[in-house]
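Quick look at start23.txt (compact mmCIF, C-alpha atoms and all ligand atoms):
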# COMPACT_ATOMS: atom_id res chain seq x y z
CA MET A 65 3.38 20.85 -0.25
CA GLN A 66 4.93 23.24 -2.75
CA PRO A 67 3.99 26.91 -2.39
CA PRO A 68 1.73 28.27 -5.14
CA SER A 69 3.51 30.08 -7.90
CA VAL A 70 2.18 33.32 -9.41
CA LEU A 71 3.47 35.17 -12.44
CA PHE A 72 3.09 38.96 -12.32
CA ILE A 73 3.19 41.07 -15.46
CA LEU A 74 4.90 44.30 -14.50
CA PRO A 75 5.65 47.24 -16.76
CA SER A 76 9.02 48.65 -15.68
CA SER A 77 7.34 51.98 -14.93
CA SER A 78 4.90 50.39 -12.49
CA TYR A 79 4.38 52.04 -9.13
CA ARG A 80 3.12 48.73 -7.79
CA ILE A 81 6.19 46.47 -7.85
CA ALA A 82 7.25 46.79 -4.21
CA ASP A 83 3.73 46.25 -2.87
CA PHE A 84 3.19 43.09 -4.93
CA VAL A 85 6.62 41.70 -3.97
CA GLU A 86 5.77 42.25 -0.31
CA ALA A 87 2.32 40.68 -0.66
CA ALA A 88 3.72 37.60 -2.42
CA ASP A 89 6.35 37.29 0.33
CA THR A 90 3.79 37.54 3.12
CA LEU A 91 1.58 34.93 1.47
CA GLY A 92 4.53 32.59 0.89
CA VAL A 93 3.81 32.63 -2.84
CA GLU A 94 6.62 31.96 -5.29
CA MET A 95 6.85 34.96 -7.57
CA LEU A 96 7.67 34.98 -11.27
CA VAL A 97 7.83 38.27 -13.11
CA ALA A 98 7.26 39.00 -16.77
CA THR A 99 8.57 42.45 -17.61
CA GLU A 100 10.29 44.51 -20.30
CA GLY A 101 13.54 45.00 -18.45
CA HIS A 102 13.17 46.19 -14.90
CA GLN A 103 16.82 46.24 -13.87
CA THR A 104 16.61 45.71 -10.12
CA LEU A 105 14.16 42.87 -10.64
CA ALA A 106 16.31 41.32 -13.35
CA ALA A 107 19.21 41.23 -10.90
CA THR A 108 17.27 39.50 -8.13
CA MET A 109 14.80 37.24 -9.97
CA GLY A 110 17.27 35.03 -11.85
CA ASP A 111 15.41 32.41 -13.89
CA ARG A 112 12.09 33.54 -12.44
CA LEU A 113 12.23 36.57 -14.75
CA VAL A 114 10.47 36.28 -18.10
CA PRO A 115 11.54 39.05 -20.51
CA ILE A 116 8.61 40.24 -22.62
CA ASP A 117 7.65 43.13 -24.86
CA LEU A 118 4.48 44.66 -23.45
CA CYS A 119 3.64 46.21 -26.81
CA ASP A 120 3.21 42.76 -28.37
CA ASP A 121 0.54 40.84 -26.44
CA GLN A 122 0.65 37.64 -28.50
CA THR A 123 4.44 37.20 -28.32
CA ALA A 124 4.44 38.16 -24.64
CA ALA A 125 1.81 35.48 -24.00
CA ASP A 126 3.85 32.90 -25.98
CA ARG A 127 6.90 33.69 -23.83
CA ILE A 128 4.90 33.18 -20.66
CA VAL A 129 3.49 29.88 -21.94
CA ALA A 130 7.05 28.75 -22.78
CA ALA A 131 8.23 29.77 -19.30
CA ALA A 132 5.44 27.67 -17.78
CA LYS A 133 7.07 24.55 -19.31
CA LEU A 134 10.11 25.13 -17.10
CA ARG A 135 8.38 26.32 -13.93
CA ARG A 136 4.85 25.68 -12.77
CA ILE A 137 2.56 28.74 -12.92
CA ASP A 138 -0.68 28.59 -10.90
CA ALA A 139 -1.99 32.05 -11.71
CA ILE A 140 -1.09 35.11 -13.77
CA VAL A 141 -1.71 38.59 -12.35
CA PRO A 142 -1.46 41.56 -14.71
CA VAL A 143 -0.56 44.33 -12.28
CA ASP A 144 -1.24 47.32 -14.56
CA ASP A 145 -3.29 47.96 -17.69
CA GLN A 146 -0.52 47.06 -20.11
CA GLY A 147 -0.41 43.37 -19.19
CA VAL A 148 -4.11 42.49 -19.21
CA VAL A 149 -4.35 41.11 -22.75
CA ALA A 150 -1.13 39.06 -22.56
CA ALA A 151 -2.32 37.66 -19.21
CA ALA A 152 -5.68 36.66 -20.70
CA ILE A 153 -4.13 34.91 -23.72
CA ALA A 154 -1.44 33.10 -21.71
CA SER A 155 -3.84 32.05 -18.92
CA SER A 156 -6.29 30.67 -21.44
CA LYS A 157 -3.54 28.56 -23.07
CA LEU A 158 -2.36 27.31 -19.69
CA GLY A 159 -5.88 26.49 -18.47
CA LEU A 160 -5.76 29.09 -15.67
CA THR A 161 -8.59 31.33 -14.51
CA HIS A 162 -8.75 34.23 -16.93
CA ASN A 163 -10.70 37.06 -18.50
CA PRO A 164 -11.76 36.71 -22.14
CA ALA A 165 -9.07 38.46 -24.21
CA ALA A 166 -11.75 40.51 -26.01
CA ALA A 167 -13.09 41.78 -22.67
CA VAL A 168 -9.76 43.03 -21.38
CA ALA A 169 -8.86 44.40 -24.82
CA ALA A 170 -12.02 46.53 -24.59
CA THR A 171 -10.75 48.11 -21.38
CA ARG A 172 -7.59 49.17 -23.25
CA ASN A 173 -9.41 51.15 -25.91
CA LYS A 174 -11.80 53.91 -24.90
CA SER A 175 -13.90 53.59 -28.05
CA THR A 176 -14.29 49.80 -27.79
CA LEU A 177 -15.17 50.22 -24.12
CA ARG A 178 -17.95 52.74 -24.88
CA HIS A 179 -19.34 50.46 -27.60
CA LYS A 180 -19.18 47.29 -25.49
CA VAL A 181 -20.82 48.91 -22.47
CA GLY A 182 -23.44 50.32 -24.82
CA ALA A 183 -26.76 50.96 -23.13
CA ALA A 184 -26.04 48.68 -20.15
CA VAL A 185 -25.33 51.78 -18.01
CA ARG A 186 -25.43 55.56 -18.52
CA GLN A 187 -22.47 56.89 -20.48
CA PRO A 188 -21.75 60.30 -22.02
CA ALA A 189 -22.93 60.75 -25.61
CA PHE A 190 -19.81 60.22 -27.72
CA ASN A 191 -18.34 60.05 -31.17
CA VAL A 192 -15.12 58.52 -32.46
CA ALA A 193 -13.36 60.89 -34.85
CA GLY A 194 -10.97 59.54 -37.48
CA PRO A 195 -8.11 61.59 -38.97
CA ARG A 196 -10.34 63.26 -41.55
CA ALA A 197 -13.29 63.96 -39.26
CA ASP A 198 -15.04 67.33 -39.33
CA PHE A 199 -14.55 68.31 -35.70
CA SER A 200 -16.68 71.46 -35.90
CA GLU A 201 -19.58 69.37 -37.15
CA LEU A 202 -19.04 66.73 -34.44
CA GLY A 203 -18.80 69.45 -31.79
CA ARG A 204 -22.07 71.03 -32.91
CA THR A 205 -23.84 67.67 -32.95
CA LEU A 206 -22.72 66.60 -29.47
CA GLY A 207 -22.95 70.09 -27.94
CA TYR A 208 -20.37 71.90 -25.78
CA PRO A 209 -18.70 71.52 -23.35
CA LEU A 210 -16.96 68.40 -24.65
CA VAL A 211 -14.06 66.23 -23.57
CA ALA A 212 -11.59 64.98 -26.18
CA LYS A 213 -9.25 62.08 -25.44
CA PRO A 214 -6.94 59.63 -27.19
CA LEU A 215 -8.25 56.06 -27.35
CA SER A 216 -5.18 54.28 -26.09
CA MET A 217 -3.76 56.32 -23.23
CA SER A 218 -4.41 56.38 -19.49
CA ALA A 219 -3.77 58.42 -16.32
CA SER A 220 -5.69 61.37 -17.84
CA VAL A 221 -2.92 61.91 -20.40
CA GLY A 222 -4.35 63.80 -23.38
CA VAL A 223 -7.79 64.19 -21.76
CA ILE A 224 -8.87 67.78 -22.48
CA ARG A 225 -12.10 69.70 -21.96
CA ALA A 226 -13.19 72.05 -24.76
CA ASN A 227 -15.90 74.67 -24.24
CA ASP A 228 -16.14 75.77 -27.87
CA GLU A 229 -15.06 74.98 -31.41
CA GLU A 230 -11.75 76.80 -31.15
CA ALA A 231 -10.80 75.00 -27.94
CA LEU A 232 -11.75 71.69 -29.53
CA GLY A 233 -9.42 72.40 -32.46
CA ARG A 234 -6.57 73.13 -30.06
CA ALA A 235 -7.35 70.02 -28.00
CA VAL A 236 -7.26 67.82 -31.10
CA ASP A 237 -3.86 69.27 -32.11
CA THR A 238 -2.47 68.71 -28.61
CA ILE A 239 -3.78 65.13 -28.52
CA ARG A 240 -2.19 64.36 -31.91
CA ASN A 241 1.15 65.71 -30.61
CA ILE A 242 0.91 63.64 -27.44
CA VAL A 243 -0.04 60.47 -29.31
CA THR A 244 2.76 60.96 -31.84
CA ALA A 245 5.34 61.67 -29.11
CA GLY A 246 4.19 58.49 -27.35
CA GLY A 247 5.04 56.45 -30.43
CA ALA A 248 1.42 55.62 -31.28
CA ASP A 249 -0.22 56.07 -34.68
CA PRO A 250 -0.65 59.84 -35.23
CA ASN A 251 -3.84 59.05 -37.14
CA GLU A 252 -5.31 57.18 -34.18
CA PRO A 253 -8.96 58.24 -33.84
CA ILE A 254 -9.91 60.62 -31.03
CA LEU A 255 -12.85 60.07 -28.71
CA ILE A 256 -15.07 63.09 -28.30
CA GLU A 257 -17.78 63.02 -25.68
CA GLN A 258 -20.13 65.28 -23.80
CA TYR A 259 -18.67 66.79 -20.64
CA VAL A 260 -20.51 65.30 -17.66
CA PRO A 261 -20.78 67.80 -14.79
CA GLY A 262 -21.03 66.61 -11.21
CA SER A 263 -18.87 65.12 -8.51
CA GLU A 264 -16.61 62.23 -9.39
CA VAL A 265 -16.15 58.90 -7.62
CA SER A 266 -14.02 55.87 -8.23
CA ILE A 267 -14.87 52.30 -7.32
CA ASP A 268 -12.55 49.35 -6.91
CA GLY A 269 -13.80 45.81 -6.95
CA LEU A 270 -12.77 42.22 -7.41
CA ILE A 271 -14.49 39.71 -9.64
CA HIS A 272 -14.67 36.10 -8.51
CA GLU A 273 -16.12 33.66 -11.05
CA GLY A 274 -17.93 36.51 -12.75
CA GLU A 275 -19.39 37.90 -9.54
CA TRP A 276 -18.67 41.49 -8.44
CA THR A 277 -17.50 42.42 -4.92
CA THR A 278 -16.97 46.07 -4.02
CA LEU A 279 -13.69 46.74 -2.26
CA ALA A 280 -13.95 50.53 -1.88
CA ILE A 281 -15.68 53.60 -3.23
CA PHE A 282 -13.66 56.82 -3.13
CA ASP A 283 -15.13 60.31 -3.34
CA LYS A 284 -12.96 62.81 -5.19
CA PRO A 285 -13.90 65.94 -3.26
CA ASP A 286 -11.83 68.42 -5.31
CA PRO A 287 -13.72 69.82 -8.30
CA MET A 288 -12.41 68.33 -11.55
CA GLU A 289 -13.71 70.75 -14.15
CA GLY A 290 -10.82 70.78 -16.60
CA PRO A 291 -9.44 71.77 -18.98
CA HIS A 292 -7.08 69.02 -17.71
CA PHE A 293 -7.99 66.50 -15.07
CA GLU A 294 -5.33 66.12 -12.39
CA GLU A 295 -6.24 63.66 -9.65
CA THR A 296 -5.85 64.99 -6.13
CA LEU A 297 -8.00 63.81 -3.22
CA PHE A 298 -9.53 60.34 -2.75
CA VAL A 299 -11.60 59.71 0.38
CA THR A 300 -13.41 56.53 1.44
CA PRO A 301 -16.06 55.62 2.52
CA SER A 302 -18.14 57.69 0.14
CA ARG A 303 -20.30 60.41 1.65
CA HIS A 304 -22.93 60.06 -1.06
CA PRO A 305 -26.31 58.84 0.23
CA PRO A 306 -26.80 55.05 0.43
CA GLU A 307 -29.01 54.94 -2.66
CA VAL A 308 -26.29 56.64 -4.74
CA VAL A 309 -23.65 54.29 -3.32
CA SER A 310 -25.82 51.30 -4.29
CA GLU A 311 -26.25 52.75 -7.76
CA ILE A 312 -22.46 53.20 -8.11
CA GLU A 313 -22.01 49.51 -7.27
CA ALA A 314 -24.82 48.49 -9.61
CA VAL A 315 -23.29 50.51 -12.48
CA ALA A 316 -19.90 48.89 -11.90
CA ALA A 317 -21.37 45.38 -11.86
CA ALA A 318 -23.50 46.02 -14.96
CA ALA A 319 -20.59 47.54 -16.89
CA VAL A 320 -18.34 44.61 -15.94
CA ALA A 321 -20.99 42.16 -17.16
CA ALA A 322 -21.49 44.09 -20.42
CA VAL A 323 -17.74 44.11 -21.09
CA GLY A 324 -17.50 40.41 -20.20
CA LEU A 325 -14.88 40.50 -17.44
CA ARG A 326 -14.89 37.31 -15.34
CA THR A 327 -12.07 37.63 -12.83
CA GLY A 328 -9.59 39.93 -11.14
CA ALA A 329 -9.42 43.58 -10.16
CA VAL A 330 -11.51 46.39 -11.62
CA HIS A 331 -11.20 50.14 -11.17
CA ALA A 332 -13.94 52.39 -12.55
CA GLU A 333 -14.64 56.12 -12.53
CA MET A 334 -18.08 57.69 -12.56
CA ARG A 335 -19.75 61.05 -12.19
CA ILE A 336 -22.89 61.75 -10.16
CA LYS A 337 -25.02 64.00 -12.35
CA GLY A 338 -28.20 64.86 -10.44
CA SER A 339 -29.64 61.46 -9.58
CA ASP A 340 -27.82 59.70 -12.44
CA VAL A 341 -24.56 57.80 -12.15
CA VAL A 342 -22.61 58.12 -15.41
CA LEU A 343 -19.73 55.76 -16.27
CA LEU A 344 -16.56 57.53 -17.41
CA GLU A 345 -14.08 54.70 -17.44
CA LEU A 346 -13.45 51.09 -16.48
CA ALA A 347 -10.08 49.33 -16.24
CA ALA A 348 -9.08 45.76 -15.38
CA ARG A 349 -6.68 46.69 -12.58
CA THR A 350 -6.63 48.23 -9.12
CA ILE A 351 -6.57 51.96 -8.39
CA GLY A 352 -3.45 53.63 -9.84
CA GLY A 353 -0.24 55.02 -8.42
CA LEU A 354 0.36 54.15 -4.79
CA CYS A 355 -3.31 54.81 -3.92
CA GLY A 356 -3.91 51.13 -3.17
CA ARG A 357 -1.98 51.72 0.06
CA ALA A 358 -5.01 53.62 1.36
CA LEU A 359 -6.95 50.35 1.41
CA ARG A 360 -6.80 47.65 4.10
CA PHE A 361 -9.21 44.81 4.60
CA GLY A 362 -10.62 42.64 7.37
CA LEU A 363 -9.53 42.41 10.98
CA THR A 364 -5.90 41.79 10.05
CA SER A 365 -5.53 44.90 7.82
CA THR A 366 -4.82 42.85 4.72
CA PRO A 367 -3.39 44.91 1.82
CA ILE A 368 -5.26 44.90 -1.49
CA GLU A 369 -2.38 43.14 -3.29
CA GLN A 370 -2.84 40.07 -1.08
CA LEU A 371 -6.53 39.95 -2.00
CA ILE A 372 -5.68 40.15 -5.70
CA ILE A 373 -3.23 37.26 -5.38
CA ARG A 374 -5.57 35.12 -3.27
CA ASN A 375 -8.44 35.74 -5.70
CA ALA A 376 -6.22 34.83 -8.64
CA LEU A 377 -5.35 31.55 -6.89
CA GLY A 378 -9.05 30.72 -6.64
CA GLU A 379 -9.80 31.68 -3.04
CA ASP A 380 -13.31 33.02 -2.50
CA ILE A 381 -12.74 36.55 -1.16
CA ARG A 382 -16.35 37.71 -1.52
CA ASN A 383 -16.84 38.12 2.24
CA ILE A 384 -13.93 40.48 2.68
CA ARG A 385 -14.74 44.04 3.79
CA ARG A 386 -12.63 47.17 4.04
CA GLU A 387 -11.53 48.06 7.59
CA SER A 388 -13.96 50.28 9.51
CA SER A 389 -11.93 53.52 9.70
CA ALA A 390 -12.15 56.14 6.98
CA SER A 391 -9.12 56.45 4.74
CA GLY A 392 -7.82 58.60 1.95
CA VAL A 393 -4.96 59.64 -0.25
CA ALA A 394 -3.89 62.89 -1.86
CA MET A 395 -2.00 62.56 -5.12
CA LEU A 396 0.48 65.37 -5.75
CA PRO A 397 0.17 66.50 -9.36
CA VAL A 398 3.01 68.25 -11.18
CA PRO A 399 2.14 71.98 -10.99
CA ARG A 400 4.30 73.08 -13.96
CA GLN A 401 6.99 71.92 -16.33
CA GLY A 402 10.64 72.02 -15.29
CA THR A 403 13.24 70.34 -13.13
CA LEU A 404 12.20 69.34 -9.64
CA LEU A 405 14.54 70.98 -7.12
CA GLU A 406 12.95 70.05 -3.84
CA ILE A 407 9.77 69.12 -2.05
CA GLY A 408 9.88 70.82 1.33
CA GLY A 409 7.77 70.41 4.45
CA VAL A 410 7.60 66.62 4.25
CA GLU A 411 8.32 66.09 7.96
CA ALA A 412 5.79 68.77 8.90
CA ALA A 413 3.21 67.10 6.64
CA ARG A 414 3.91 63.73 8.27
CA SER A 415 3.25 65.20 11.70
CA VAL A 416 -0.21 66.53 10.79
CA ALA A 417 -2.86 64.73 12.85
CA ASN A 418 -4.33 61.65 11.13
CA ILE A 419 -1.63 61.58 8.42
CA THR A 420 -0.23 58.06 8.21
CA ALA A 421 2.39 58.43 5.47
CA VAL A 422 3.89 60.84 2.97
CA ASP A 423 5.54 58.98 0.09
CA ILE A 424 7.42 61.26 -2.28
CA THR A 425 8.07 59.34 -5.48
CA ALA A 426 9.74 62.06 -7.60
CA ARG A 427 13.44 62.78 -7.06
CA PRO A 428 15.31 66.11 -7.10
CA GLY A 429 16.63 66.58 -10.63
CA ASP A 430 13.66 64.81 -12.25
CA ALA A 431 12.33 66.52 -15.37
CA VAL A 432 8.61 66.91 -14.72
CA ARG A 433 5.77 67.90 -16.99
CA PRO A 434 2.12 68.39 -16.01
CA LEU A 435 -1.02 67.02 -17.65
CA PRO A 436 -2.19 66.71 -20.33
CA TYR A 437 1.32 65.66 -21.40
CA ASP A 438 2.51 63.51 -18.52
CA GLY A 439 0.55 61.46 -16.01
CA THR A 440 3.19 61.00 -13.33
CA TYR A 441 2.73 62.40 -9.84
CA LEU A 442 5.25 63.79 -7.37
CA GLY A 443 4.04 61.69 -4.48
CA PHE A 444 1.19 60.51 -2.31
CA VAL A 445 -0.09 61.57 1.13
CA PHE A 446 -2.14 59.11 3.19
CA ALA A 447 -4.58 59.70 6.05
CA LYS A 448 -6.77 57.61 8.29
CA ALA A 449 -9.38 58.80 10.79
CA ALA A 450 -12.73 57.91 12.29
CA GLY A 451 -14.67 59.63 9.51
CA PRO A 452 -14.17 60.86 5.93
CA ASP A 453 -14.44 64.58 6.86
CA GLU A 454 -11.43 64.27 9.17
CA VAL A 455 -9.52 62.36 6.49
CA GLU A 456 -10.21 65.07 3.93
CA ALA A 457 -9.21 67.84 6.38
CA ALA A 458 -5.94 66.06 7.24
CA LEU A 459 -5.06 65.57 3.57
CA ARG A 460 -5.77 69.24 2.79
CA THR A 461 -3.66 70.48 5.72
CA ALA A 462 -0.78 68.14 4.88
CA THR A 463 -0.68 68.99 1.18
CA GLN A 464 -0.77 72.73 1.98
CA THR A 465 2.23 72.15 4.26
CA LEU A 466 4.29 70.84 1.33
CA SER A 467 6.21 73.27 -0.85
CA ILE A 468 7.11 72.18 -4.35
CA ASP A 469 10.11 73.88 -5.90
CA ILE A 470 10.43 73.48 -9.68
CA GLU A 471 12.95 75.35 -11.81
N1 LIG B 501 -17.05 62.91 -20.44
C1 LIG B 501 -16.43 63.44 -19.39
N2 LIG B 501 -17.05 64.39 -18.65
C2 LIG B 501 -16.43 64.95 -17.57
N3 LIG B 501 -15.18 64.65 -17.21
C3 LIG B 501 -14.52 63.71 -17.91
C4 LIG B 501 -15.11 63.05 -19.03
N4 LIG B 501 -14.21 62.18 -19.52
C5 LIG B 501 -13.11 62.28 -18.73
N5 LIG B 501 -13.29 63.20 -17.76
C6 LIG B 501 -12.32 63.56 -16.73
O1 LIG B 501 -11.03 63.17 -17.14
C7 LIG B 501 -10.50 62.15 -16.29
C8 LIG B 501 -9.72 61.15 -17.12
O2 LIG B 501 -10.55 60.59 -18.13
P1 LIG B 501 -10.59 59.03 -18.40
O3 LIG B 501 -11.58 58.78 -19.44
O4 LIG B 501 -10.78 58.33 -17.10
O5 LIG B 501 -9.15 58.75 -18.98
P2 LIG B 501 -7.88 57.97 -18.39
O6 LIG B 501 -7.97 56.58 -18.88
O7 LIG B 501 -6.73 58.68 -18.97
O8 LIG B 501 -7.95 58.05 -16.89
C9 LIG B 501 -11.72 61.59 -15.58
O9 LIG B 501 -11.38 61.03 -14.33
C10 LIG B 501 -12.60 62.81 -15.44
O10 LIG B 501 -12.23 63.62 -14.34
MG MG B 502 -9.42 57.48 -15.69

In structure tokens, how does this file's structure come out?
Ligand SMILES: Nc1ncnc2c1ncn2[C@@H]1O[C@H](COP(=O)(O)OP(=O)(O)O)[C@@H](O)[C@H]1O
Ligand SMILES: [Mg+2]
Amino acid sequence: MQPPSVLFILPSSSYRIADFVEAADTLGVEMLVATEGHQTLAATMGDRLVPIDLCDDQTAADRIVAAAKLRRIDAIVPVDDQGVVAAAIASSKLGLTHNPAAAVAATRNKSTLRHKVGAAVRQPAFNVAGPRADFSELGRTLGYPLVAKPLSMSASVGVIRANDEEALGRAVDTIRNIVTAGGADPNEPILIEQYVPGSEVSIDGLIHEGEWTTLAIFDKPDPMEGPHFEETLFVTPSRHPPEVVSEIEAVAAAAVAAVGLRTGAVHAEMRIKGSDVVLLELAARTIGGLCGRALRFGLTSTPIEQLIIRNALGEDIRNIRRESSASGVAMLPVPRQGTLLEIGGVEAARSVANITAVDITARPGDAVRPLPYDGTYLGFVFAKAAGPDEVEAALRTATQTLSIDIE
């Protein structure tokens, strides 16, 4: 029997390439890659590489459909946000399991997402401000503090808290600069919404034939109060009480149903405000950066990428559960703008009890810029222990051991 063949859509900037290549290898799956010019992949993939432009979903989908005439494709996996619409269109044409294009498109636009989710779950009160909007009026109506964000970006880029009218004006200017520098329409509307206080969680899940399965819920134990929202600590299992955990899962499933997603990975972020769980964001992908490495499943410690591939090939993964130990990851945000000289103390951080890996992704000489301008991270620290408190303690000790030298 021929091995199944899976096409992955990979932006060249993806953190996830190596992990998906390894998962495909382990599963004995033939891998095709659609990308916009990842050089190392181009060299090794030969005719299994499909060049696409990720800014043009329809043409990218046409390219993939054309490639399927030459080589069988059994499933298409969009690894990051950018490929979800092309994957939906191409899969639909090829008769493969897929999300409705309108559903995934909604996850790529923060305004459409808010409108599609509607009243299905709690969301912050919001307004979408066009280029000529009266921001002082909008600010007064919604009430401060507010969060302003561009519609089309991700990784907290351009997401800014404003406590008053003046700060909102500055935030809007900054967002316009960021959007323009990113090549998007400078007149792109800006989403303005009430700031939701409370602790933040993220939830990852997989959808199989429209049905939600929770893979992991991460607490984010560092306060994220703005004005910019760097990600730092993620710890699972959640330490919220069982009724809150159930509500987090219920909110994810209800939001997914409201948006209309039918298959594949989902990552959502929520805040726990008193007894309410408020949806901040929902994306049709797994957790970002290298954070997926904090997750292993079942008795054989299966990585999340293998689950994604197996689910895409039609296997019913609904019985899978995360391993029993607690786990976590600390993302290392860029502390200030400049040239990275060195990250010291890596060996010492690795030797901290319960630390399983320290993966530094930035290189000496890299030009780095913090949020709200740039959403890249310097690296990732991983821990595993019997309970979440020990995981959090290990991550804090290890990150304090690191010294970041930026000129
Ligand atoms: N309405 C809000 N209230 C409080 N914090 C928010 C709000 N919106 C965003 N944030 C913070 O900003 C982060 C990034 O916002 P999000 O909408 O998820 O954008 P992105 O797609 O860039 O990740 C969130 O994880 C959260 O910490
Ligand atoms: Mg987010």

field: Who sits within 9 Å of A:Glu456, only C-alpha atoms, same chain under 5 positions skipped, as a PyMOL selection string
entry: chain A and resi 285+297-299+391-394+447+451+461

field: Expected residue set, 7 Å radius at (5.3, 40.2, -17.2), only C-alpha atoms, as an MDAnalysis selection string
entry: chainID A and resid 72:74 97:99 114 116 147

Find the residues near ligand LIG 501 (chain B). Use a cut-off of 6 Å, count only C-alpha atoms and all ligand atoms, and write them as a CSV table (one decimal) with C-alpha atoms, keeping the file's coordinate frame.
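What landed in part.csv:
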chain,number,residue,atom,x,y,z
A,188,PRO,CA,-21.8,60.3,-22.0
A,211,VAL,CA,-14.1,66.2,-23.6
A,217,MET,CA,-3.8,56.3,-23.2
A,218,SER,CA,-4.4,56.4,-19.5
A,219,ALA,CA,-3.8,58.4,-16.3
A,220,SER,CA,-5.7,61.4,-17.8
A,221,VAL,CA,-2.9,61.9,-20.4
A,223,VAL,CA,-7.8,64.2,-21.8
A,257,GLU,CA,-17.8,63.0,-25.7
A,258,GLN,CA,-20.1,65.3,-23.8
A,259,TYR,CA,-18.7,66.8,-20.6
A,260,VAL,CA,-20.5,65.3,-17.7
A,261,PRO,CA,-20.8,67.8,-14.8
A,288,MET,CA,-12.4,68.3,-11.6
A,293,PHE,CA,-8.0,66.5,-15.1
A,344,LEU,CA,-16.6,57.5,-17.4
A,345,GLU,CA,-14.1,54.7,-17.4

Excluding A:Arg234 and residues on its chain fewer than 3 positions from it, collect all residues at most 12 Å away from it, counting all atoms listed in the file, and give them as a compact mmCIF listing (two decimals) with C-alpha atoms, in the coordinates of the input.
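File produced: selection-v5.txt:
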# COMPACT_ATOMS: atom_id res chain seq x y z
CA PHE A 199 -14.55 68.31 -35.70
CA SER A 200 -16.68 71.46 -35.90
CA ALA A 212 -11.59 64.98 -26.18
CA GLY A 222 -4.35 63.80 -23.38
CA ILE A 224 -8.87 67.78 -22.48
CA ARG A 225 -12.10 69.70 -21.96
CA ALA A 226 -13.19 72.05 -24.76
CA ASN A 227 -15.90 74.67 -24.24
CA ASP A 228 -16.14 75.77 -27.87
CA GLU A 229 -15.06 74.98 -31.41
CA GLU A 230 -11.75 76.80 -31.15
CA ALA A 231 -10.80 75.00 -27.94
CA ASP A 237 -3.86 69.27 -32.11
CA THR A 238 -2.47 68.71 -28.61
CA ILE A 239 -3.78 65.13 -28.52
CA ARG A 240 -2.19 64.36 -31.91
CA ASN A 241 1.15 65.71 -30.61
CA PRO A 291 -9.44 71.77 -18.98

Near-A:Lys180 list (12 Å; only C-alpha atoms; drop same-chain fewer than 6 positions) as a short mmCIF file (atom, residue, chain, number, x, y, z; two decimals) with C-alpha atoms, in the coordinates of the input:
data_model
loop_
_atom_site.label_atom_id
_atom_site.label_comp_id
_atom_site.auth_asym_id
_atom_site.auth_seq_id
_atom_site.Cartn_x
_atom_site.Cartn_y
_atom_site.Cartn_z
CA ALA A 166 -11.75 40.51 -26.01
CA ALA A 167 -13.09 41.78 -22.67
CA VAL A 168 -9.76 43.03 -21.38
CA ALA A 169 -8.86 44.40 -24.82
CA ALA A 170 -12.02 46.53 -24.59
CA THR A 171 -10.75 48.11 -21.38
CA ARG A 172 -7.59 49.17 -23.25
CA ASN A 173 -9.41 51.15 -25.91
CA LYS A 174 -11.80 53.91 -24.90
CA GLN A 187 -22.47 56.89 -20.48
CA ALA A 318 -23.50 46.02 -14.96
CA ALA A 319 -20.59 47.54 -16.89
CA VAL A 320 -18.34 44.61 -15.94
CA ALA A 321 -20.99 42.16 -17.16
CA ALA A 322 -21.49 44.09 -20.42
CA VAL A 323 -17.74 44.11 -21.09
CA GLY A 324 -17.50 40.41 -20.20
CA LEU A 325 -14.88 40.50 -17.44
CA LEU A 346 -13.45 51.09 -16.48
#

task: Show which residues sit within 9 Å of stretch 121-134 of chain A, as a list in words. Count all atoms listed in the file, and ignore same-chain residues fewer than 6 positions away.
output: Leu71, Ala98, Arg112, Val114, Pro115, Gln146, Gly147, Val148, Val149, Ala150, Ala151, Ala152, Ile153, Ala154, Ser155, Lys157 and Leu158 of chain A

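Atom CA of A:Asp423 sits 14.8 Å away from atom CA of A:Val398.
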
query: Closest to ligand MG 502 (chain B) among A:Arg186, A:His292, A:Arg414, A:Arg400, using all atoms listed in the file?
result: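 Once distances to ligand MG 502 (chain B) are computed over all atoms listed in the file, the minimum belongs to A:His292.
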
From A:Gly353, A:Pro287, A:Gly338, A:Gly207, residue lying nearest ligand MG 502 (chain B) [all atoms listed in the file]: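 Distance minimum relative to ligand MG 502 (chain B) lands on A:Gly353.
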
message: From (-3.5, 56.9, -1.9), in the file's coordinates, out to 12 Å: which residues are reached, counting all atoms listed in the file? Answer as an MDAnalysis selection string.
response: chainID A and resid 79 282 284 295:300 350:360 391:396 419:424 441 443:448 455 459

- prompt: Of the candidates A:Arg196, A:Asp438, A:Ser263, A:Glu311, which shows the shortest atom-to-atom distance to A:Gly246, using all atoms listed in the file?
  reply: A:Asp438

- request: Please indicate the distance in Å from atom CA of A:Glu379 to atom CA of A:Glu273, rounded to one decimal place.
  value: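 If I compute the distance from atom CA of A:Glu379 to atom CA of A:Glu273, I get 10.4 Å.
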
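Of the residues listed (A:Ala316, A:Ala106, A:Leu442, A:Ala248), A:Ala316 shows the shortest atom-to-atom separation from A:Glu275; distances use all atoms listed in the file.
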